[in-house]
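Colleague: Just one file: target.cif, with mmCIF, C-alpha atoms.
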data_work
loop_
_atom_site.label_atom_id
_atom_site.label_comp_id
_atom_site.auth_asym_id
_atom_site.auth_seq_id
_atom_site.Cartn_x
_atom_site.Cartn_y
_atom_site.Cartn_z
CA MET A 13 -8.24 -12.41 33.84
CA PRO A 14 -7.89 -9.02 32.11
CA THR A 15 -5.61 -8.88 29.11
CA THR A 16 -2.43 -6.89 29.77
CA VAL A 17 -1.83 -4.49 26.90
CA PRO A 18 1.65 -2.93 26.85
CA ASP A 19 2.17 0.73 26.20
CA PRO A 20 3.19 0.95 22.51
CA VAL A 21 5.48 3.94 22.99
CA ALA A 22 7.31 2.33 25.87
CA ALA A 23 7.53 -0.96 23.98
CA ALA A 24 9.20 0.77 21.06
CA GLY A 25 11.88 2.27 23.27
CA PRO A 26 15.37 1.07 24.19
CA ALA A 27 14.22 -2.47 24.99
CA ALA A 28 13.02 -2.94 21.43
CA ALA A 29 16.29 -1.64 20.05
CA THR A 30 18.33 -4.07 22.11
CA ALA A 31 16.37 -7.26 21.51
CA SER A 32 18.59 -10.33 21.35
CA TYR A 33 17.41 -11.37 17.89
CA PRO A 34 17.81 -9.56 14.54
CA VAL A 35 14.24 -8.46 13.93
CA ALA A 36 14.32 -5.18 15.83
CA GLN A 37 17.68 -4.04 14.52
CA PRO A 38 17.89 -1.36 11.79
CA ALA A 39 17.76 -2.93 8.34
CA GLU A 40 20.04 -0.61 6.43
CA PRO A 41 20.82 -1.12 2.73
CA THR A 42 24.05 -2.77 1.72
CA ALA A 43 26.66 -0.28 0.58
CA LEU A 44 28.40 -0.65 -2.73
CA PRO A 45 32.20 -0.82 -2.58
CA GLY A 46 33.47 2.66 -1.78
CA GLN A 47 29.96 3.99 -1.10
CA GLY A 48 28.74 4.65 2.42
CA THR A 49 25.17 4.31 3.62
CA GLY A 50 25.02 7.72 5.27
CA LEU A 51 26.02 9.09 8.65
CA PRO A 52 24.00 8.12 11.72
CA GLY A 53 20.65 9.90 11.59
CA GLN A 54 21.12 10.82 7.94
CA PRO A 55 19.63 8.98 4.94
CA ALA A 56 21.88 6.95 2.70
CA ALA A 57 22.66 7.93 -0.84
CA PHE A 58 20.38 6.15 -3.30
CA SER A 59 20.95 4.35 -6.56
CA PRO A 60 18.99 1.48 -8.10
CA GLU A 61 22.18 -0.57 -8.17
CA LEU A 62 22.58 -0.10 -4.43
CA ALA A 63 18.99 -1.18 -3.84
CA ARG A 64 19.23 -4.19 -6.14
CA ARG A 65 22.08 -5.71 -4.16
CA ASP A 66 19.67 -6.41 -1.34
CA PHE A 67 17.10 -8.39 -3.39
CA PRO A 68 18.16 -12.01 -3.92
CA ILE A 69 15.25 -12.77 -6.24
CA LEU A 70 16.32 -10.08 -8.71
CA HIS A 71 19.42 -12.14 -9.45
CA ARG A 72 17.57 -15.26 -10.61
CA THR A 73 16.75 -16.26 -14.17
CA VAL A 74 13.35 -17.00 -15.70
CA ASN A 75 13.13 -19.04 -18.89
CA GLY A 76 16.87 -18.64 -19.35
CA HIS A 77 16.84 -14.85 -19.02
CA PRO A 78 17.69 -12.54 -16.10
CA LEU A 79 14.48 -11.67 -14.27
CA VAL A 80 12.99 -8.26 -15.07
CA TRP A 81 10.37 -7.68 -12.37
CA LEU A 82 7.82 -5.15 -13.65
CA ASP A 83 4.85 -6.39 -11.61
CA ASN A 84 5.47 -4.16 -8.62
CA GLY A 85 1.91 -2.82 -8.62
CA ALA A 86 0.78 -6.32 -7.66
CA THR A 87 3.59 -6.96 -5.17
CA THR A 88 7.13 -5.79 -4.57
CA GLN A 89 10.06 -8.09 -3.96
CA LYS A 90 11.66 -8.38 -0.51
CA PRO A 91 15.18 -7.29 0.49
CA ARG A 92 17.39 -9.79 2.26
CA GLN A 93 17.04 -7.73 5.46
CA VAL A 94 13.32 -8.55 5.56
CA ILE A 95 13.93 -12.20 4.73
CA GLU A 96 16.56 -12.45 7.46
CA ALA A 97 14.30 -10.68 9.97
CA LEU A 98 11.59 -13.28 9.38
CA ALA A 99 14.07 -16.14 9.71
CA GLY A 100 15.55 -14.54 12.82
CA PHE A 101 12.16 -14.21 14.48
CA TYR A 102 11.08 -17.77 13.77
CA GLY A 103 14.55 -19.15 14.53
CA SER A 104 15.09 -17.51 17.90
CA ALA A 105 12.13 -15.46 19.13
CA ASN A 106 8.85 -17.04 18.04
CA SER A 107 6.20 -16.40 20.67
CA ASN A 108 2.73 -15.02 21.02
CA ILE A 109 2.47 -11.44 22.26
CA HIS A 110 0.83 -9.35 24.99
CA ARG A 111 -0.36 -12.24 27.14
CA GLY A 112 2.88 -13.94 28.16
CA ALA A 113 5.16 -13.18 31.09
CA HIS A 114 8.24 -15.01 29.79
CA THR A 115 11.27 -13.53 28.06
CA MET A 116 10.37 -14.50 24.51
CA ALA A 117 6.84 -13.19 24.88
CA ARG A 118 8.26 -9.84 26.01
CA GLU A 119 10.71 -9.79 23.11
CA ALA A 120 8.00 -10.58 20.57
CA THR A 121 5.71 -7.95 22.08
CA GLU A 122 8.49 -5.36 21.95
CA ALA A 123 9.12 -6.10 18.28
CA TYR A 124 5.40 -5.98 17.49
CA GLU A 125 4.85 -2.66 19.21
CA ALA A 126 8.08 -1.28 17.74
CA GLY A 127 6.50 -2.07 14.37
CA ARG A 128 3.41 -0.07 15.34
CA ALA A 129 5.56 2.89 16.38
CA ALA A 130 7.53 2.66 13.11
CA VAL A 131 4.34 2.71 11.04
CA ALA A 132 3.13 5.77 12.95
CA GLN A 133 6.39 7.56 12.26
CA PHE A 134 6.38 6.46 8.61
CA LEU A 135 2.89 7.92 8.08
CA GLY A 136 3.41 11.02 10.19
CA ALA A 137 0.69 9.86 12.59
CA PRO A 138 0.41 11.59 15.97
CA SER A 139 0.75 8.40 18.02
CA PRO A 140 1.25 4.63 17.67
CA ASP A 141 -2.19 4.32 19.28
CA SER A 142 -3.70 5.59 16.01
CA ILE A 143 -2.36 2.56 14.08
CA VAL A 144 -4.33 -0.68 13.73
CA PHE A 145 -2.66 -3.72 12.20
CA VAL A 146 -4.68 -5.49 9.50
CA ARG A 147 -3.97 -8.07 6.80
CA GLY A 148 -3.71 -5.38 4.16
CA THR A 149 -5.51 -2.51 2.45
CA THR A 150 -8.57 -4.62 1.68
CA GLU A 151 -9.11 -5.62 5.29
CA GLY A 152 -8.42 -2.09 6.48
CA ILE A 153 -11.12 -0.66 4.22
CA ASN A 154 -13.57 -3.39 5.23
CA LEU A 155 -12.81 -2.65 8.88
CA VAL A 156 -13.73 1.01 8.41
CA ALA A 157 -16.82 0.09 6.41
CA GLN A 158 -18.09 -2.37 9.02
CA SER A 159 -17.08 -0.51 12.17
CA TRP A 160 -17.40 3.18 11.29
CA GLY A 161 -19.71 2.81 8.29
CA ARG A 162 -22.43 0.73 9.89
CA ALA A 163 -22.64 3.19 12.78
CA ASN A 164 -22.56 6.40 10.77
CA LEU A 165 -24.26 5.73 7.42
CA GLY A 166 -28.00 5.72 6.89
CA PRO A 167 -30.75 6.14 4.30
CA GLY A 168 -30.03 8.96 1.87
CA ASP A 169 -26.34 9.28 2.77
CA ASP A 170 -23.75 9.45 0.00
CA ILE A 171 -20.36 7.73 -0.29
CA LEU A 172 -18.30 9.34 -3.05
CA VAL A 173 -15.92 6.96 -4.83
CA PRO A 174 -13.92 7.93 -7.96
CA VAL A 175 -14.24 5.66 -10.99
CA LEU A 176 -10.51 4.94 -10.95
CA GLU A 177 -10.63 3.12 -7.61
CA HIS A 178 -9.47 -0.44 -6.99
CA HIS A 179 -12.30 -2.89 -6.33
CA SER A 180 -11.21 -3.01 -2.69
CA ASN A 181 -12.25 0.63 -2.39
CA ILE A 182 -15.58 0.08 -4.14
CA VAL A 183 -17.09 -3.24 -3.08
CA PRO A 184 -16.88 -2.74 0.72
CA TRP A 185 -18.83 0.49 0.33
CA GLN A 186 -21.41 -1.20 -1.85
CA LEU A 187 -21.88 -3.86 0.83
CA VAL A 188 -22.31 -1.41 3.69
CA ALA A 189 -24.46 0.91 1.54
CA LYS A 190 -26.86 -1.95 0.85
CA GLU A 191 -27.10 -2.70 4.55
CA THR A 192 -27.55 0.93 5.64
CA ARG A 193 -29.55 2.11 2.60
CA ALA A 194 -26.88 4.66 1.74
CA ARG A 195 -25.67 4.99 -1.84
CA VAL A 196 -22.29 4.82 -3.56
CA VAL A 197 -21.83 7.74 -5.97
CA PRO A 198 -19.13 7.39 -8.65
CA VAL A 199 -16.96 10.40 -9.41
CA PRO A 200 -16.14 10.43 -13.15
CA LEU A 201 -12.73 10.44 -14.80
CA ARG A 202 -11.32 12.93 -17.23
CA PRO A 203 -9.82 11.62 -20.50
CA ASP A 204 -6.26 11.96 -19.11
CA GLY A 205 -7.03 9.63 -16.20
CA GLN A 206 -7.46 12.26 -13.52
CA THR A 207 -10.52 12.43 -11.32
CA ASP A 208 -12.84 15.17 -12.56
CA LEU A 209 -12.48 17.66 -9.72
CA ASN A 210 -15.28 19.88 -11.00
CA ALA A 211 -17.65 16.92 -10.94
CA TYR A 212 -16.34 15.98 -7.52
CA ALA A 213 -17.10 19.43 -6.16
CA ASP A 214 -20.58 19.32 -7.68
CA LEU A 215 -21.34 15.89 -6.17
CA LEU A 216 -20.36 16.88 -2.64
CA SER A 217 -23.29 17.88 -0.46
CA MET A 218 -24.53 17.71 3.09
CA ARG A 219 -25.61 14.15 2.24
CA THR A 220 -21.97 13.15 1.75
CA GLN A 221 -20.74 11.19 4.75
CA LEU A 222 -17.58 9.68 3.26
CA VAL A 223 -15.17 10.20 0.38
CA ALA A 224 -13.02 7.14 -0.47
CA ILE A 225 -10.06 7.94 -2.72
CA SER A 226 -6.76 6.37 -3.70
CA HIS A 227 -3.50 8.21 -3.14
CA ALA A 228 -2.26 6.72 -6.40
CA SER A 229 -4.15 4.65 -8.96
CA ASN A 230 -3.06 1.05 -9.47
CA VAL A 231 -4.16 1.07 -13.11
CA LEU A 232 -3.40 4.62 -14.32
CA GLY A 233 -0.79 5.76 -11.83
CA SER A 234 -2.69 9.02 -11.32
CA VAL A 235 -1.95 10.87 -8.07
CA PRO A 236 -4.95 13.02 -7.16
CA PRO A 237 -4.72 16.19 -5.03
CA VAL A 238 -5.76 14.36 -1.88
CA ARG A 239 -5.18 17.23 0.52
CA GLU A 240 -7.36 19.60 -1.52
CA MET A 241 -10.05 16.96 -1.99
CA ALA A 242 -10.05 16.22 1.75
CA ALA A 243 -10.33 19.90 2.63
CA LEU A 244 -13.34 20.27 0.35
CA ALA A 245 -15.01 17.15 1.76
CA HIS A 246 -14.48 18.36 5.32
CA ARG A 247 -16.41 21.54 4.53
CA TYR A 248 -19.47 19.32 4.28
CA GLY A 249 -18.62 17.36 7.40
CA ALA A 250 -17.65 14.24 5.43
CA LYS A 251 -14.91 11.85 6.47
CA VAL A 252 -12.11 10.96 4.03
CA LEU A 253 -10.56 7.52 3.59
CA VAL A 254 -7.35 7.30 1.54
CA ASP A 255 -6.18 4.05 -0.06
CA GLY A 256 -2.41 4.34 0.09
CA ALA A 257 -1.56 0.87 -1.23
CA GLN A 258 0.13 2.17 -4.37
CA ALA A 259 1.54 5.37 -2.86
CA VAL A 260 3.60 4.49 0.20
CA ALA A 261 6.48 2.84 -1.67
CA HIS A 262 6.92 5.77 -4.03
CA PHE A 263 6.82 8.98 -2.02
CA PRO A 264 6.65 10.14 1.62
CA VAL A 265 3.21 10.32 3.24
CA ASP A 266 2.07 12.60 6.04
CA VAL A 267 -1.46 11.75 7.12
CA GLN A 268 -1.75 14.87 9.25
CA ASP A 269 -0.74 17.11 6.37
CA LEU A 270 -3.27 15.34 4.15
CA ASP A 271 -5.84 15.64 6.95
CA ALA A 272 -7.02 12.11 6.16
CA ASP A 273 -9.52 10.63 8.59
CA PHE A 274 -8.44 7.13 7.55
CA TYR A 275 -5.35 5.93 5.66
CA VAL A 276 -4.67 2.30 4.73
CA PHE A 277 -1.80 0.44 3.08
CA SER A 278 -0.46 -3.07 2.47
CA GLY A 279 3.00 -4.22 3.48
CA HIS A 280 3.53 -6.47 0.47
CA LYS A 281 3.58 -3.46 -1.88
CA LEU A 282 6.18 -1.87 0.40
CA PHE A 283 8.92 -4.55 0.31
CA ALA A 284 7.38 -6.29 3.36
CA PRO A 285 5.66 -9.69 3.68
CA THR A 286 2.18 -10.50 2.46
CA GLY A 287 -0.69 -10.60 4.92
CA ILE A 288 0.24 -7.49 6.89
CA GLY A 289 -0.88 -3.90 6.55
CA ALA A 290 -1.99 -0.97 8.63
CA LEU A 291 -4.92 1.34 9.13
CA TYR A 292 -4.43 4.85 10.46
CA ALA A 293 -7.42 6.70 11.87
CA LYS A 294 -7.60 10.06 13.55
CA PRO A 295 -7.56 9.42 17.31
CA GLU A 296 -10.90 11.13 17.88
CA VAL A 297 -12.49 8.99 15.15
CA LEU A 298 -10.80 5.76 16.23
CA LYS A 299 -12.15 6.13 19.76
CA THR A 300 -15.73 6.08 18.43
CA MET A 301 -15.32 2.84 16.48
CA ALA A 302 -16.91 -0.34 17.78
CA PRO A 303 -15.35 -3.81 17.50
CA TRP A 304 -15.90 -5.51 14.16
CA GLN A 305 -14.53 -8.87 15.29
CA GLY A 306 -14.56 -10.44 18.73
CA GLY A 307 -12.09 -12.75 20.46
CA GLY A 308 -8.84 -12.64 22.34
CA ASN A 309 -6.57 -9.59 22.57
CA MET A 310 -9.42 -7.11 22.06
CA ILE A 311 -10.99 -7.65 25.49
CA GLU A 312 -10.34 -6.40 29.00
CA SER A 313 -12.56 -8.90 30.78
CA VAL A 314 -15.14 -11.47 29.69
CA ASP A 315 -18.15 -12.74 31.60
CA PHE A 316 -21.39 -14.22 30.35
CA GLY A 317 -23.14 -11.27 31.94
CA ARG A 318 -20.85 -8.51 30.68
CA THR A 319 -17.72 -8.14 28.54
CA THR A 320 -15.50 -5.08 28.58
CA TYR A 321 -13.05 -4.21 25.85
CA ALA A 322 -9.42 -3.17 25.56
CA PRO A 323 -8.68 0.37 24.40
CA VAL A 324 -7.96 1.15 20.77
CA PRO A 325 -6.04 0.13 18.74
CA HIS A 326 -6.19 -3.33 20.39
CA LEU A 327 -9.99 -3.14 20.39
CA LEU A 328 -9.87 -3.64 16.61
CA GLU A 329 -7.22 -6.40 16.58
CA ALA A 330 -9.06 -9.54 17.65
CA GLY A 331 -7.06 -12.75 17.92
CA THR A 332 -3.39 -13.42 17.36
CA GLY A 333 -1.99 -10.90 14.95
CA HIS A 334 0.43 -11.55 12.10
CA ILE A 335 3.42 -11.15 14.40
CA SER A 336 6.10 -12.18 11.94
CA GLY A 337 4.44 -9.95 9.35
CA VAL A 338 4.86 -6.96 11.65
CA VAL A 339 8.49 -7.98 12.22
CA GLY A 340 8.98 -8.03 8.44
CA LEU A 341 7.16 -4.73 8.01
CA LEU A 342 9.36 -3.10 10.64
CA SER A 343 12.44 -4.34 8.82
CA ALA A 344 11.11 -3.11 5.46
CA LEU A 345 10.39 0.34 6.86
CA ASN A 346 13.85 0.51 8.39
CA TRP A 347 15.38 -0.51 5.06
CA LEU A 348 13.38 1.93 2.96
CA THR A 349 13.72 4.93 5.24
CA ALA A 350 17.48 4.45 5.47
CA PHE A 351 17.55 5.87 1.93
CA ASP A 352 16.98 9.48 0.92
CA ARG A 353 13.31 9.17 -0.10
CA ASP A 354 13.33 12.40 -2.08
CA ALA A 355 16.16 10.90 -4.15
CA ILE A 356 14.09 7.76 -4.68
CA ALA A 357 11.09 9.79 -5.86
CA ALA A 358 13.27 11.82 -8.23
CA TYR A 359 14.81 8.65 -9.68
CA GLU A 360 11.43 6.99 -10.19
CA THR A 361 10.09 10.12 -11.90
CA SER A 362 13.00 10.12 -14.34
CA LEU A 363 12.64 6.38 -14.95
CA MET A 364 8.94 6.80 -15.64
CA ALA A 365 9.65 9.57 -18.16
CA TYR A 366 12.25 7.37 -19.86
CA ALA A 367 9.83 4.44 -20.01
CA GLN A 368 7.08 6.59 -21.54
CA GLN A 369 9.42 7.80 -24.27
CA ALA A 370 10.75 4.30 -24.92
CA LEU A 371 7.30 2.70 -25.15
CA ALA A 372 6.23 5.39 -27.61
CA THR A 373 8.63 3.79 -30.12
CA VAL A 374 6.58 0.57 -30.21
CA PRO A 375 4.10 0.75 -33.12
CA GLY A 376 0.50 0.21 -32.06
CA LEU A 377 1.20 0.58 -28.35
CA GLU A 378 -1.02 2.95 -26.37
CA VAL A 379 -0.48 3.84 -22.71
CA LEU A 380 -3.64 4.62 -20.78
CA GLY A 381 -3.81 7.95 -19.03
CA SER A 382 -1.61 10.99 -19.23
CA ALA A 383 -2.06 12.69 -15.87
CA PRO A 384 0.87 15.01 -15.14
CA ASP A 385 1.24 13.75 -11.56
CA ARG A 386 1.61 9.98 -11.52
CA ILE A 387 3.67 7.08 -10.22
CA GLY A 388 5.45 4.49 -12.37
CA VAL A 389 2.43 2.55 -13.60
CA LEU A 390 2.22 1.94 -17.36
CA THR A 391 -1.00 0.21 -18.36
CA PHE A 392 -1.12 -0.30 -22.10
CA THR A 393 -2.64 -2.02 -25.08
CA LEU A 394 -0.85 -3.27 -28.20
CA ALA A 395 -2.89 -3.32 -31.38
CA GLY A 396 -3.68 -6.83 -32.55
CA HIS A 397 -2.51 -8.54 -29.38
CA ASP A 398 -4.50 -9.76 -26.38
CA PRO A 399 -3.08 -8.58 -23.03
CA ALA A 400 -2.69 -12.16 -21.82
CA ARG A 401 -0.74 -12.98 -24.99
CA ILE A 402 1.50 -9.96 -24.37
CA ALA A 403 2.24 -11.08 -20.81
CA ASP A 404 3.00 -14.63 -21.96
CA TRP A 405 5.34 -13.37 -24.68
CA LEU A 406 7.25 -11.14 -22.26
CA ASP A 407 7.51 -13.96 -19.73
CA ARG A 408 9.47 -15.99 -22.28
CA ASP A 409 12.08 -13.23 -22.10
CA GLY A 410 12.06 -13.25 -18.30
CA ILE A 411 9.97 -10.09 -18.07
CA ALA A 412 7.13 -10.17 -15.52
CA ILE A 413 4.16 -7.87 -16.08
CA ARG A 414 0.45 -8.22 -15.26
CA ALA A 415 -2.52 -8.63 -17.61
CA GLY A 416 -6.24 -8.50 -16.91
CA HIS A 417 -8.65 -6.03 -15.38
CA HIS A 418 -6.30 -5.18 -12.48
CA CYS A 419 -9.21 -5.10 -10.02
CA ALA A 420 -10.20 -1.79 -11.59
CA GLN A 421 -12.92 -2.68 -14.08
CA PRO A 422 -14.73 0.70 -13.93
CA ALA A 423 -11.49 2.52 -14.75
CA LEU A 424 -10.80 0.27 -17.75
CA ALA A 425 -14.40 0.59 -18.88
CA HIS A 426 -13.82 4.35 -19.04
CA TYR A 427 -11.45 3.55 -21.92
CA GLY A 428 -13.77 0.97 -23.47
CA LEU A 429 -11.61 -1.93 -22.30
CA GLU A 430 -12.12 -5.11 -20.34
CA SER A 431 -8.42 -5.89 -19.89
CA ALA A 432 -4.99 -4.41 -20.49
CA ALA A 433 -1.31 -5.12 -19.88
CA ARG A 434 0.49 -3.34 -17.05
CA ALA A 435 4.16 -2.74 -16.33
CA SER A 436 4.77 -1.14 -12.94
CA LEU A 437 8.08 0.26 -11.76
CA ALA A 438 9.86 0.29 -8.40
CA LEU A 439 13.03 1.82 -7.03
CA TYR A 440 15.16 -1.18 -8.06
CA ASN A 441 14.18 -1.08 -11.74
CA THR A 442 16.59 0.32 -14.32
CA ARG A 443 16.66 1.85 -17.78
CA GLU A 444 18.27 -1.32 -19.05
CA GLU A 445 15.21 -3.27 -17.90
CA VAL A 446 12.93 -0.80 -19.66
CA ASP A 447 15.01 -1.30 -22.81
CA LYS A 448 14.50 -5.08 -22.55
CA LEU A 449 10.74 -4.58 -22.20
CA VAL A 450 10.61 -2.33 -25.25
CA ALA A 451 12.82 -4.62 -27.37
CA SER A 452 10.64 -7.62 -26.56
CA LEU A 453 7.43 -5.71 -27.43
CA GLN A 454 8.97 -4.57 -30.71
CA ARG A 455 9.74 -8.19 -31.59
CA LEU A 456 6.16 -9.11 -30.77
CA HIS A 457 4.88 -6.36 -33.04
CA LEU A 458 7.07 -7.61 -35.88
CA GLY A 459 5.36 -10.96 -35.80
CA GLY A 460 6.60 -12.83 -32.81
#
Could the structure of this file be written out as structure tokens, please?
Modeller:
Amino acid sequence: MPTTVPDPVAAAGPAAATASYPVAQPAEPTALPGQGTGLPGQPAAFSPELARRDFPILHRTVNGHPLVWLDNGATTQKPRQVIEALAGFYGSANSNIHRGAHTMAREATEAYEAGRAAVAQFLGAPSPDSIVFVRGTTEGINLVAQSWGRANLGPGDDILVPVLEHHSNIVPWQLVAKETRARVVPVPLRPDGQTDLNAYADLLSMRTQLVAISHASNVLGSVPPVREMAALAHRYGAKVLVDGAQAVAHFPVDVQDLDADFYVFSGHKLFAPTGIGALYAKPEVLKTMAPWQGGGNMIESVDFGRTTYAPVPHLLEAGTGHISGVVGLLSALNWLTAFDRDAIAAYETSLMAYAQQALATVPGLEVLGSAPDRIGVLTFTLAGHDPARIADWLDRDGIAIRAGHHCAQPALAHYGLESAARASLALYNTREEVDKLVASLQRLHLGG
């Protein structure tokens, strides 16, 4: 029998808002005593203390010290609203979606499609139908490479990829380039960690079919001028894919303003569960994309003589999706957007500036990159100390950072490095936590 695919807009309407379990309810932040969370329809006031109240894990200890979580570039922690939404779904509403006629199937489908509508609104997309759920940024990029890339790339075509990209925005293009006999062309970095825009302009040509760029670098924090780069690429008829994994938690995104052909992000870097993410594609591009996986959910009818497919976005979502992950993502988006996001961005900018000044007091410490427009990513080296040793030392003080190549080996190689330490900030981090990081590094320098 044909698969019944609900209308996403209708599914995200009043029925979704009145579901009998917690997952579809707004996940507003907890107010501090005497502090409201904003009038209906208006964002709440923001402070890191207000945000921190909602994160149970931030109140634990590690090695006898209060946890200082500075590994947000790898994954963010989850507010209690997200945790409770997951428990609420599994405790009272667990069901598969789209194919069931019973009450719980309808409820789960409503929550799932409400999540799609929320992602569309969060990204400024024109319609929920332009959103495809994936496991994360990596799967989203691979989907584009295998579905759009295999159909549109050929011998002699160029894929431009800046040197600062995460491996997830390099390797999929190498794989599809090998198959289609296209080539991946690296765009060099400037000394300050910004993409060399002059080189980028020179490398663009009528051979360029795709430009793959990050909205914010996971290793340098650099925020490139995506809108300007996209406009230039479009002059040559090239498509533009934007890796938003590191961007979406830090500042508002409008995919239509950017004029991105594709935009991908991961929920787990956005206070949501692991294993869920989203791909946005322009509707006219999405409609041309062929299935990259086959199975249930993505079909209309199946016969050994002929199979017909469901419309996009379901065409690209074979099998049972990560339903609880979408429930958690919906809750995370509700929680985050209940705050004034401009206030969040302003706070993070000031915290980043404070951290840069504080780290400059540590002898022998060098932060990589100095781009003027950047998010709170501080990748650094400390003279005489291996990055893994630095991370181990800080962990003894309850401070979590990351050490290694950060899945960005070409970017580190630009600085002559194979590994580095990285502290990455989020909205719930504080100056006091930065002070603890700096004090611990100073003790290490003095012979710890």
Colleague: Which residues, named as in the file, does the PyMOL selection byres ((chain A and resi 179) around 10) pick out? Answer as a ChimeraX atom specification.
Modeller: /A:150,175-178,180-185,418-422
Colleague: Atom CA of A:Arg147 and atom CA of A:Gly205, how far apart in Å?
Modeller: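 Taking atom CA of A:Gly205 and atom CA of A:Arg147, their separation equals 29.2 Å.
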Colleague: Taking all atoms listed in the file into account, name the residue in A:Ala129, A:Ala350, A:Ile153, A:Leu209 that is nearest to A:Val188.
Modeller: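 Using all atoms listed in the file, the shortest distance to A:Val188 belongs to A:Ile153.
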Colleague: Env of stretch 302-308 of chain A: 12 Å cut, atoms = only C-alpha atoms, seq-sep filter 6 positions within chain, self excluded. Answer as a ChimeraX atom specification.
Modeller: /A:13-17,108-111,146,151-152,154-164,314,319-333
Colleague: Please produce a file of those selected residues containing C-alpha atoms, as a tab-separated table (two decimals), keeping the file's coordinate frame.
Modeller:
chain	number	residue	atom	x	y	z
A	13	MET	CA	-8.24	-12.41	33.84
A	14	PRO	CA	-7.89	-9.02	32.11
A	15	THR	CA	-5.61	-8.88	29.11
A	16	THR	CA	-2.43	-6.89	29.77
A	17	VAL	CA	-1.83	-4.49	26.90
A	108	ASN	CA	2.73	-15.02	21.02
A	109	ILE	CA	2.47	-11.44	22.26
A	110	HIS	CA	0.83	-9.35	24.99
A	111	ARG	CA	-0.36	-12.24	27.14
A	146	VAL	CA	-4.68	-5.49	9.50
A	151	GLU	CA	-9.11	-5.62	5.29
A	152	GLY	CA	-8.42	-2.09	6.48
A	154	ASN	CA	-13.57	-3.39	5.23
A	155	LEU	CA	-12.81	-2.65	8.88
A	156	VAL	CA	-13.73	1.01	8.41
A	157	ALA	CA	-16.82	0.09	6.41
A	158	GLN	CA	-18.09	-2.37	9.02
A	159	SER	CA	-17.08	-0.51	12.17
A	160	TRP	CA	-17.40	3.18	11.29
A	161	GLY	CA	-19.71	2.81	8.29
A	162	ARG	CA	-22.43	0.73	9.89
A	163	ALA	CA	-22.64	3.19	12.78
A	164	ASN	CA	-22.56	6.40	10.77
A	314	VAL	CA	-15.14	-11.47	29.69
A	319	THR	CA	-17.72	-8.14	28.54
A	320	THR	CA	-15.50	-5.08	28.58
A	321	TYR	CA	-13.05	-4.21	25.85
A	322	ALA	CA	-9.42	-3.17	25.56
A	323	PRO	CA	-8.68	0.37	24.40
A	324	VAL	CA	-7.96	1.15	20.77
A	325	PRO	CA	-6.04	0.13	18.74
A	326	HIS	CA	-6.19	-3.33	20.39
A	327	LEU	CA	-9.99	-3.14	20.39
A	328	LEU	CA	-9.87	-3.64	16.61
A	329	GLU	CA	-7.22	-6.40	16.58
A	330	ALA	CA	-9.06	-9.54	17.65
A	331	GLY	CA	-7.06	-12.75	17.92
A	332	THR	CA	-3.39	-13.42	17.36
A	333	GLY	CA	-1.99	-10.90	14.95
Colleague: Given the file shown, determine the residues that the PyMOL selection byres ((chain A and resi 204) around 7) selects; report them as a ChimeraX atom specification.
Modeller: /A:202-203,205-206,381-383
Colleague: Could you save the residues just selected, with C-alpha atoms, as a PDB file, in the frame of the given file?
Modeller:
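The result, written out as again-v6.pdb:
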ATOM      1  CA  ARG A 202     -11.320  12.930 -17.230  1.00  0.00           C
ATOM      2  CA  PRO A 203      -9.820  11.620 -20.500  1.00  0.00           C
ATOM      3  CA  GLY A 205      -7.030   9.630 -16.200  1.00  0.00           C
ATOM      4  CA  GLN A 206      -7.460  12.260 -13.520  1.00  0.00           C
ATOM      5  CA  GLY A 381      -3.810   7.950 -19.030  1.00  0.00           C
ATOM      6  CA  SER A 382      -1.610  10.990 -19.230  1.00  0.00           C
ATOM      7  CA  ALA A 383      -2.060  12.690 -15.870  1.00  0.00           C
TER       8      ALA A 383
END
Colleague: Pick out the residues sitting within 6 Å of A:Val173, and hand them over as a VMD selection string; count all atoms listed in the file, and ignore anything fewer than 2 positions along from it in its own chain.
Modeller: chain A and resid 198 to 199 224
Colleague: Calculate how many Å separate atom CA of A:Asp407 from atom CA of A:Asn84, rounding to one decimal.
Modeller: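 Distance between the two atoms: 15.0 Å.
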Colleague: What gap, in Å, lies between atom CA of A:Pro55 and atom CA of A:His280?
Modeller: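 Computed distance, atom CA of A:Pro55 to atom CA of A:His280, equals 22.8 Å.
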Colleague: From the set A:Ser452, A:Thr391, A:Gln93, A:Thr220, which residue has the shortest atom-to-atom contact distance to A:Leu437, counting all atoms listed in the file?
Modeller: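 Closest to A:Leu437, using all atoms listed in the file: A:Thr391.
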Colleague: Show me, as a compact mmCIF listing (two decimals) with C-alpha atoms, in the coordinates of the input, the residues that have an atom within 12 Å of A:Asp409 when counting only C-alpha atoms, minus same-chain residues fewer than 4 positions from it.
Modeller:
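For reference, part33.txt as written:
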# COMPACT_ATOMS: atom_id res chain seq x y z
CA THR A 73 16.75 -16.26 -14.17
CA VAL A 74 13.35 -17.00 -15.70
CA ASN A 75 13.13 -19.04 -18.89
CA GLY A 76 16.87 -18.64 -19.35
CA HIS A 77 16.84 -14.85 -19.02
CA PRO A 78 17.69 -12.54 -16.10
CA LEU A 79 14.48 -11.67 -14.27
CA VAL A 80 12.99 -8.26 -15.07
CA TRP A 81 10.37 -7.68 -12.37
CA ILE A 402 1.50 -9.96 -24.37
CA ALA A 403 2.24 -11.08 -20.81
CA ASP A 404 3.00 -14.63 -21.96
CA TRP A 405 5.34 -13.37 -24.68
CA ILE A 413 4.16 -7.87 -16.08
CA GLU A 445 15.21 -3.27 -17.90
CA LYS A 448 14.50 -5.08 -22.55
CA LEU A 449 10.74 -4.58 -22.20
CA VAL A 450 10.61 -2.33 -25.25
CA ALA A 451 12.82 -4.62 -27.37
CA SER A 452 10.64 -7.62 -26.56
CA LEU A 453 7.43 -5.71 -27.43
CA ARG A 455 9.74 -8.19 -31.59
CA LEU A 456 6.16 -9.11 -30.77
